[in-house]
>>> print(open('data.cif').read())   # mmCIF, C-alpha atoms
data_run
loop_
_atom_site.label_atom_id
_atom_site.label_comp_id
_atom_site.auth_asym_id
_atom_site.auth_seq_id
_atom_site.Cartn_x
_atom_site.Cartn_y
_atom_site.Cartn_z
CA MET A 1 -48.71 -29.54 7.13
CA LYS A 2 -45.84 -31.98 6.57
CA THR A 3 -45.00 -30.24 3.32
CA ARG A 4 -44.86 -26.91 5.14
CA TYR A 5 -42.48 -28.38 7.75
CA ARG A 6 -40.28 -29.80 5.00
CA ILE A 7 -40.10 -26.40 3.29
CA ALA A 8 -39.29 -24.67 6.59
CA GLY A 9 -36.56 -27.22 7.26
CA ALA A 10 -35.06 -26.70 3.82
CA VAL A 11 -35.05 -22.93 4.28
CA ALA A 12 -33.36 -23.29 7.68
CA ALA A 13 -30.70 -25.54 6.17
CA LEU A 14 -30.00 -23.01 3.45
CA LEU A 15 -29.68 -20.22 6.01
CA LEU A 16 -27.26 -22.28 8.09
CA ALA A 17 -25.21 -23.13 5.01
CA GLY A 18 -25.00 -19.44 4.13
CA ALA A 19 -23.94 -18.52 7.66
CA ALA A 20 -21.20 -21.14 7.57
CA GLN A 21 -19.57 -19.57 4.54
CA ALA A 22 -16.32 -17.76 5.33
CA HIS A 23 -15.48 -14.21 4.38
CA ARG A 24 -11.92 -13.92 3.08
CA GLN A 25 -10.02 -10.70 2.53
CA TRP A 26 -7.82 -10.45 -0.55
CA MET A 27 -6.05 -8.25 -3.09
CA LEU A 28 -5.81 -9.30 -6.72
CA PRO A 29 -3.30 -7.69 -9.15
CA SER A 30 -4.00 -7.55 -12.87
CA ALA A 31 -0.54 -9.09 -13.38
CA THR A 32 2.29 -10.28 -11.12
CA THR A 33 5.17 -10.31 -13.61
CA LEU A 34 5.73 -7.69 -16.29
CA SER A 35 8.45 -6.80 -18.77
CA GLY A 36 9.87 -3.50 -19.95
CA THR A 37 11.00 -0.45 -18.00
CA ASP A 38 7.64 1.20 -17.29
CA ALA A 39 4.33 -0.51 -16.54
CA TRP A 40 1.08 -0.24 -14.60
CA VAL A 41 -0.76 -2.74 -12.42
CA THR A 42 -4.41 -2.47 -11.39
CA VAL A 43 -5.39 -4.10 -8.10
CA ASP A 44 -8.86 -5.20 -6.97
CA ALA A 45 -9.38 -5.44 -3.20
CA ALA A 46 -12.38 -7.03 -1.49
CA VAL A 47 -13.78 -9.31 1.19
CA SER A 48 -15.88 -12.15 -0.18
CA ASN A 49 -17.08 -15.71 0.29
CA ASP A 50 -15.91 -16.88 -3.14
CA LEU A 51 -12.26 -16.07 -3.72
CA PHE A 52 -11.59 -13.32 -6.26
CA TYR A 53 -15.31 -12.77 -6.89
CA PHE A 54 -17.00 -9.55 -5.78
CA GLU A 55 -20.11 -10.23 -3.70
CA HIS A 56 -19.68 -9.02 -0.12
CA VAL A 57 -17.89 -5.78 0.83
CA PRO A 58 -14.93 -3.76 -0.50
CA MET A 59 -11.59 -3.59 1.24
CA ARG A 60 -10.62 -0.06 2.26
CA THR A 61 -7.60 1.46 0.51
CA ASP A 62 -6.55 4.15 3.00
CA GLY A 63 -4.05 1.85 4.75
CA ILE A 64 -2.40 0.39 1.63
CA ALA A 65 1.31 1.12 1.18
CA VAL A 66 3.68 0.39 -1.71
CA THR A 67 7.33 -0.52 -1.21
CA GLN A 68 9.45 -0.16 -4.36
CA PRO A 69 12.32 -2.52 -5.26
CA ASP A 70 14.96 -0.17 -3.79
CA GLY A 71 13.06 -0.04 -0.48
CA SER A 72 11.64 3.45 -0.98
CA ALA A 73 7.94 4.23 -0.63
CA GLY A 74 5.72 4.21 -3.70
CA ARG A 75 2.06 5.13 -3.85
CA ILE A 76 -1.30 3.95 -5.10
CA GLU A 77 -3.11 6.02 -7.71
CA ASN A 78 -6.69 6.33 -9.01
CA ALA A 79 -8.15 4.67 -5.92
CA ALA A 80 -11.91 4.13 -5.91
CA THR A 81 -14.27 2.19 -3.67
CA GLY A 82 -17.57 0.77 -4.86
CA LYS A 83 -20.28 -1.39 -3.37
CA PHE A 84 -18.42 -4.70 -3.58
CA ARG A 85 -14.77 -3.87 -4.27
CA SER A 86 -12.06 -1.24 -4.22
CA THR A 87 -9.62 -0.72 -7.07
CA PHE A 88 -6.38 1.21 -7.50
CA ASP A 89 -3.35 1.47 -9.78
CA VAL A 90 0.38 1.20 -9.07
CA HIS A 91 2.89 2.71 -11.51
CA LEU A 92 6.00 0.51 -11.84
CA THR A 93 9.02 2.61 -12.78
CA GLN A 94 11.85 0.65 -11.13
CA PRO A 95 13.03 -2.80 -12.21
CA GLY A 96 12.48 -5.49 -9.58
CA THR A 97 9.89 -6.67 -7.08
CA TYR A 98 7.30 -4.43 -5.42
CA ARG A 99 5.33 -5.08 -2.23
CA ILE A 100 1.74 -3.78 -2.03
CA ALA A 101 0.55 -4.21 1.55
CA ASN A 102 -2.18 -3.33 3.99
CA VAL A 103 -0.67 -3.63 7.48
CA SER A 104 -2.43 -2.78 10.73
CA THR A 105 -1.26 -3.10 14.33
CA GLY A 106 -2.82 -2.24 17.65
CA LEU A 107 -4.16 -3.49 20.94
CA MET A 108 -7.31 -5.44 21.66
CA GLY A 109 -8.61 -5.96 25.15
CA SER A 110 -11.01 -4.94 27.86
CA TYR A 111 -11.34 -3.45 31.35
CA MET A 112 -13.76 -3.41 34.27
CA LEU A 113 -15.74 -0.24 35.01
CA ASN A 114 -18.65 0.02 37.46
CA GLY A 115 -18.93 -3.75 37.67
CA LYS A 116 -19.16 -4.22 33.89
CA ARG A 117 -16.51 -5.40 31.44
CA GLU A 118 -15.98 -2.95 28.60
CA ARG A 119 -13.95 -3.29 25.39
CA LEU A 120 -11.09 -1.02 24.43
CA PRO A 121 -12.00 1.36 21.59
CA ARG A 122 -11.10 0.15 18.13
CA GLY A 123 -7.77 1.58 16.98
CA THR A 124 -6.19 1.64 20.44
CA THR A 125 -2.40 1.34 20.39
CA GLN A 126 0.22 0.97 23.09
CA ALA A 127 0.87 4.69 22.81
CA THR A 128 -2.81 5.64 23.24
CA LEU A 129 -3.78 3.03 25.85
CA ALA A 130 -3.52 5.42 28.80
CA THR A 131 -5.89 7.93 27.23
CA ALA A 132 -8.26 5.20 26.01
CA LEU A 133 -8.90 3.98 29.56
CA PRO A 134 -11.51 5.95 31.50
CA ALA A 135 -10.94 6.99 35.10
CA GLY A 136 -11.67 4.14 37.47
CA ALA A 137 -10.92 1.34 35.00
CA THR A 138 -9.55 -1.81 36.62
CA ASP A 139 -8.52 -5.35 35.60
CA VAL A 140 -7.18 -4.18 32.24
CA GLN A 141 -6.45 -7.07 29.85
CA THR A 142 -4.70 -6.41 26.55
CA ALA A 143 -3.08 -8.32 23.71
CA GLU A 144 -1.18 -7.10 20.67
CA MET A 145 -2.69 -7.51 17.22
CA ALA A 146 -0.94 -7.38 13.84
CA ASN A 147 -2.60 -8.03 10.49
CA ARG A 148 -0.77 -8.14 7.15
CA ASN A 149 -2.36 -8.52 3.71
CA GLU A 150 0.18 -8.20 0.90
CA ILE A 151 0.88 -9.03 -2.72
CA PHE A 152 4.02 -8.93 -4.85
CA VAL A 153 4.53 -7.64 -8.38
CA THR A 154 7.76 -7.81 -10.40
CA LEU A 155 8.92 -5.65 -13.30
CA GLY A 156 11.70 -7.46 -15.15
CA ALA A 157 13.90 -9.75 -13.04
CA PRO A 158 12.77 -10.60 -9.48
CA THR A 159 14.59 -8.94 -6.55
CA THR A 160 14.50 -9.56 -2.79
CA THR A 161 15.18 -6.21 -1.09
CA ILE A 162 11.56 -5.79 0.04
CA PHE A 163 11.56 -9.05 1.99
CA LYS A 164 13.61 -7.65 4.89
CA PRO A 165 11.53 -8.51 8.01
CA THR A 166 10.13 -5.79 10.24
CA GLY A 167 9.90 -8.09 13.26
CA GLN A 168 6.20 -7.42 13.78
CA GLY A 169 3.44 -9.97 13.35
CA ILE A 170 3.49 -12.78 10.80
CA GLU A 171 5.78 -12.17 7.83
CA MET A 172 6.80 -14.33 4.88
CA ALA A 173 10.49 -14.66 4.11
CA PRO A 174 10.29 -16.60 0.85
CA VAL A 175 12.92 -19.13 -0.11
CA THR A 176 11.19 -19.46 -3.48
CA HIS A 177 10.38 -16.05 -4.92
CA PRO A 178 6.58 -15.50 -4.89
CA ASN A 179 6.71 -14.26 -8.50
CA ASP A 180 8.51 -17.38 -9.70
CA LEU A 181 5.95 -20.13 -9.04
CA VAL A 182 5.29 -22.93 -11.53
CA SER A 183 2.69 -25.71 -11.39
CA GLY A 184 4.11 -29.14 -10.68
CA GLU A 185 7.16 -27.63 -8.97
CA ALA A 186 7.74 -27.33 -5.23
CA ALA A 187 8.00 -23.90 -3.60
CA THR A 188 9.33 -23.18 -0.12
CA PHE A 189 8.30 -20.28 2.12
CA GLN A 190 9.52 -19.36 5.58
CA PHE A 191 7.22 -17.64 8.04
CA LEU A 192 8.32 -15.46 10.94
CA LEU A 193 6.35 -14.40 13.99
CA ASP A 194 7.68 -11.18 15.53
CA GLY A 195 10.98 -11.78 13.72
CA LYS A 196 11.48 -15.41 14.81
CA PRO A 197 10.74 -18.64 12.90
CA ALA A 198 7.03 -19.46 13.34
CA ALA A 199 7.42 -23.16 14.17
CA GLY A 200 4.16 -25.06 13.98
CA LEU A 201 2.32 -22.27 12.18
CA LYS A 202 -0.81 -23.52 10.40
CA VAL A 203 -0.99 -22.29 6.80
CA THR A 204 -4.02 -22.59 4.53
CA ILE A 205 -3.80 -22.38 0.74
CA ILE A 206 -6.94 -22.28 -1.42
CA PRO A 207 -7.03 -22.01 -5.23
CA GLY A 208 -9.27 -19.30 -6.66
CA GLY A 209 -12.42 -20.03 -8.60
CA ILE A 210 -14.33 -21.54 -5.65
CA ARG A 211 -17.55 -20.39 -7.29
CA TYR A 212 -17.01 -22.72 -10.23
CA ARG A 213 -16.21 -26.03 -8.57
CA ASP A 214 -17.77 -28.43 -6.08
CA THR A 215 -14.73 -28.92 -3.82
CA LEU A 216 -12.82 -26.21 -1.98
CA GLY A 217 -9.42 -27.68 -2.89
CA GLN A 218 -7.94 -26.41 0.38
CA MET A 219 -4.39 -27.38 1.35
CA ASP A 220 -3.53 -27.30 5.06
CA LEU A 221 0.18 -27.16 5.89
CA THR A 222 2.17 -26.92 9.11
CA ALA A 223 5.48 -25.04 9.29
CA ASP A 224 8.51 -27.00 10.51
CA GLN A 225 10.82 -25.91 13.34
CA ASP A 226 12.34 -23.29 11.04
CA GLY A 227 8.94 -21.87 10.14
CA LYS A 228 9.12 -23.33 6.63
CA ILE A 229 6.48 -24.97 4.47
CA ALA A 230 6.86 -26.64 1.08
CA VAL A 231 4.02 -26.83 -1.41
CA THR A 232 3.78 -28.37 -4.87
CA TRP A 233 1.23 -26.48 -6.94
CA PRO A 234 -1.31 -28.88 -8.48
CA GLN A 235 -2.24 -26.57 -11.37
CA PRO A 236 -1.69 -23.05 -12.72
CA GLY A 237 -3.85 -20.26 -11.38
CA LEU A 238 -4.34 -17.85 -8.50
CA TYR A 239 -4.00 -19.04 -4.91
CA TRP A 240 -4.99 -17.43 -1.60
CA MET A 241 -2.64 -18.13 1.31
CA ASN A 242 -3.47 -17.39 4.94
CA ALA A 243 -2.03 -17.98 8.40
CA THR A 244 -3.30 -16.73 11.76
CA VAL A 245 -2.21 -17.20 15.37
CA GLY A 246 -4.02 -16.39 18.58
CA GLY A 247 -7.52 -16.71 17.13
CA VAL A 248 -9.64 -18.30 14.42
CA ARG A 249 -8.04 -18.49 10.99
CA GLU A 250 -9.66 -16.71 8.07
CA GLY A 251 -11.94 -19.35 6.70
CA GLY A 252 -13.52 -19.89 10.13
CA PRO A 253 -16.09 -17.69 11.92
CA MET A 254 -15.48 -14.08 10.99
CA GLY A 255 -15.75 -10.79 12.84
CA GLU A 256 -16.11 -7.21 11.67
CA GLY A 257 -14.59 -6.33 8.29
CA GLY A 258 -13.71 -9.92 7.38
CA ALA A 259 -11.27 -10.33 10.28
CA PRO A 260 -11.19 -13.61 12.24
CA ALA A 261 -13.70 -13.63 15.09
CA ALA A 262 -12.22 -13.10 18.54
CA PRO A 263 -12.04 -16.22 20.73
CA ALA A 264 -13.83 -16.28 24.07
CA GLY A 265 -11.93 -15.49 27.26
CA PRO A 266 -9.00 -13.15 27.90
CA PRO A 267 -7.44 -11.58 24.78
CA GLN A 268 -4.58 -13.42 23.13
CA ARG A 269 -1.67 -12.30 20.98
CA ARG A 270 -3.17 -12.27 17.53
CA ALA A 271 -1.55 -12.00 14.12
CA ALA A 272 -2.85 -12.72 10.62
CA TYR A 273 -1.19 -12.99 7.24
CA VAL A 274 -2.82 -13.08 3.78
CA THR A 275 -1.34 -13.06 0.30
CA THR A 276 -2.43 -13.86 -3.25
CA LEU A 277 -0.02 -15.87 -5.39
CA GLU A 278 -0.02 -16.54 -9.13
CA VAL A 279 1.20 -19.93 -10.32
CA LEU A 280 2.15 -20.20 -13.99
CA ALA A 281 2.13 -23.20 -16.33
CA PRO A 282 5.53 -24.89 -17.00
#
>>> encode(input="data.cif", output="structure tokens")
Amino acid sequence: MKTRYRIAGAVAALLLAGAAQAHRQWMLPSATTLSGTDAWVTVDAAVSNDLFYFEHVPMRTDGIAVTQPDGSAGRIENAATGKFRSTFDVHLTQPGTYRIANVSTGLMGSYMLNGKRERLPRGTTQATLATALPAGATDVQTAEMANRNEIFVTLGAPTTTIFKPTGQGIEMAPVTHPNDLVSGEAATFQFLLDGKPAAGLKVTIIPGGIRYRDTLGQMDLTADQDGKIAVTWPQPGLYWMNATVGGVREGGPMGEGGAPAAPAGPPQRRAAYVTTLEVLAP
């Protein structure tokens, strides 16, 4: 009987450990810096527990946009979605730095109807709020939401045209170019929230390869009054960087589709930022 209890306890512990694992959304380019005048990059996109390893669900590709070095719109090609990951190609035909981003905005919130609190339909925006509310709805509570997952790829020399802020959600305005990162050297990034310096923003950086080491290796940084952080890369490799306001950061309890779980109580302004960075050897 004692043996059976011990086995049951061990199984319960394993289940709890599994539940505590965090789902992280990411995009991974086949290369971040390329030479020549014409090149291709293949991108994997997924949500997983172990960074850059496919074992949970794919990330959808229908919202992914490409901004070319001159600011014009590019496109993804050969998109496909499988069981654990999505993949697509980007054709690089202009010299400079490209942004590949999945950006979503909208409203989250709730209302009272017939004595019961109901949630707003997923995908509600400020423009569609009036039609999303049924007749008789009262005590409407809403908060804006903006999520940005982006990566950067450079053909030839790095450029900065694509870093012009939109003024919506969390954005990175790099001081150090994200395609010019070297281990052992400090890099500085500035973060903006709705176009203004995100003072006090909590930023998490985790090196890839979690599956193959005992420690997470997580770095937790706090932006200064100008929204800036400085990080010295301990080693070459791929790094996942995330910041979230108004909710639980990615890496904590997760909601649908790998998004941070909503906090209890009235809705809050929520914004999330994710990028994948490649750090090269000196």
>>> closest_residue(input="data.cif", among="A:Glu55, A:Glu171, A:Asp226, A:Asp194", to="Glu150 (chain A)", atoms="all atoms listed in the file")
A:Glu171
>>> closest_residue(input="data.cif", among="A:Thr61, A:Thr275, A:Asn102, A:Asn49", to="Gly82 (chain A)", atoms="all atoms listed in the file")
A:Thr61
>>> atom_distance(input="data.cif", atom1="CA of Thr33 (chain A)", atom2="CA of Val231 (chain A)")
20.6 Å
>>> residues_around(input="data.cif", residues="Phe52 (chain A)", least_positions_apart="3", cutoff="10 Å", atoms="only C-alpha atoms", output="ChimeraX atom specification")
/A:24-28,44-49,55,207-211,238-240,276
>>> closest_residue(input="data.cif", among="A:Ala271, A:Val90, A:Ala135, A:Val43", to="Met108 (chain A)", atoms="only C-alpha atoms")
A:Ala271
>>> residues_near_point(input="data.cif", point="(-5.9, 1.7, 22.5)", cutoff="9 Å", atoms="only C-alpha atoms", output="tab-separated table (two decimals) with C-alpha atoms, in the frame of the given file")
chain	number	residue	atom	x	y	z
A	106	GLY	CA	-2.82	-2.24	17.65
A	107	LEU	CA	-4.16	-3.49	20.94
A	108	MET	CA	-7.31	-5.44	21.66
A	109	GLY	CA	-8.61	-5.96	25.15
A	120	LEU	CA	-11.09	-1.02	24.43
A	121	PRO	CA	-12.00	1.36	21.59
A	122	ARG	CA	-11.10	0.15	18.13
A	123	GLY	CA	-7.77	1.58	16.98
A	124	THR	CA	-6.19	1.64	20.44
A	125	THR	CA	-2.40	1.34	20.39
A	126	GLN	CA	0.22	0.97	23.09
A	127	ALA	CA	0.87	4.69	22.81
A	128	THR	CA	-2.81	5.64	23.24
A	129	LEU	CA	-3.78	3.03	25.85
A	130	ALA	CA	-3.52	5.42	28.80
A	131	THR	CA	-5.89	7.93	27.23
A	132	ALA	CA	-8.26	5.20	26.01
A	133	LEU	CA	-8.90	3.98	29.56
>>> atom_distance(input="data.cif", atom1="CA of Asn149 (chain A)", atom2="CA of Ala230 (chain A)")
20.5 Å
>>> axis_aligned_box(input="data.cif", around="region 39-56 of chain A", padding_each_side="8 Å", output="AutoDock Vina command-line options")
--center_x -7.9 --center_y -8.6 --center_z -7.7 --size_x 40.4 --size_y 32.6 --size_z 33.7
>>> resolve_selection(input="data.cif", expression="the PyMOL selection byres ((chain A and resi 204) around 6)", output="ChimeraX atom specification")
/A:203,205,219-220,241-242
>>> resolve_selection(input="data.cif", expression="the PyMOL selection byres ((chain A and resi 153-166) around 7)", output="JSON, numbers by chain")
{"A": [32, 33, 34, 35, 36, 67, 69, 70, 71, 92, 95, 96, 97, 98, 99, 151, 152, 167, 168, 171, 173, 179, 195]}
>>> atom_distance(input="data.cif", atom1="CA of Trp40 (chain A)", atom2="CA of His91 (chain A)")
4.6 Å
>>> residues_around(input="data.cif", residues="Gln190 (chain A)", least_positions_apart="5", cutoff="12 Å", atoms="all atoms listed in the file", output="MDAnalysis selection string")
chainID A and resid 163 165 170:178 195:201 203 222:231 243
>>> closest_residue(input="data.cif", among="A:Thr93, A:Thr188, A:Thr42, A:Gln218", to="Glu77 (chain A)", atoms="only C-alpha atoms")
A:Thr42
>>> build_atoms(input="data.cif", residues="region 234-246 of chain A", atoms="N, CA and C atoms", output="CSV table (one decimal), in the frame of the given file")
chain,number,residue,atom,x,y,z
A,234,PRO,N,-0.7,-27.9,-7.6
A,234,PRO,CA,-1.3,-28.9,-8.5
A,234,PRO,C,-1.7,-28.4,-9.9
A,235,GLN,N,-1.8,-27.1,-10.1
A,235,GLN,CA,-2.2,-26.6,-11.4
A,235,GLN,C,-2.0,-25.1,-11.4
A,236,PRO,N,-1.9,-24.5,-12.6
A,236,PRO,CA,-1.7,-23.0,-12.7
A,236,PRO,C,-2.9,-22.3,-12.2
A,237,GLY,N,-2.7,-21.1,-11.8
A,237,GLY,CA,-3.8,-20.3,-11.4
A,237,GLY,C,-3.5,-19.4,-10.2
A,238,LEU,N,-4.5,-18.7,-9.6
A,238,LEU,CA,-4.3,-17.8,-8.5
A,238,LEU,C,-4.6,-18.6,-7.2
A,239,TYR,N,-3.8,-18.4,-6.2
A,239,TYR,CA,-4.0,-19.0,-4.9
A,239,TYR,C,-4.0,-18.0,-3.8
A,240,TRP,N,-4.9,-18.3,-2.8
A,240,TRP,CA,-5.0,-17.4,-1.6
A,240,TRP,C,-4.3,-18.2,-0.5
A,241,MET,N,-3.4,-17.5,0.2
A,241,MET,CA,-2.6,-18.1,1.3
A,241,MET,C,-2.8,-17.3,2.6
A,242,ASN,N,-3.1,-18.0,3.7
A,242,ASN,CA,-3.5,-17.4,4.9
A,242,ASN,C,-2.9,-18.2,6.1
A,243,ALA,N,-2.4,-17.4,7.1
A,243,ALA,CA,-2.0,-18.0,8.4
A,243,ALA,C,-2.4,-17.0,9.5
A,244,THR,N,-2.9,-17.6,10.6
A,244,THR,CA,-3.3,-16.7,11.8
A,244,THR,C,-2.9,-17.4,13.1
A,245,VAL,N,-2.5,-16.7,14.0
A,245,VAL,CA,-2.2,-17.2,15.4
A,245,VAL,C,-3.0,-16.4,16.4
A,246,GLY,N,-3.3,-17.1,17.5
A,246,GLY,CA,-4.0,-16.4,18.6
A,246,GLY,C,-5.5,-16.2,18.3
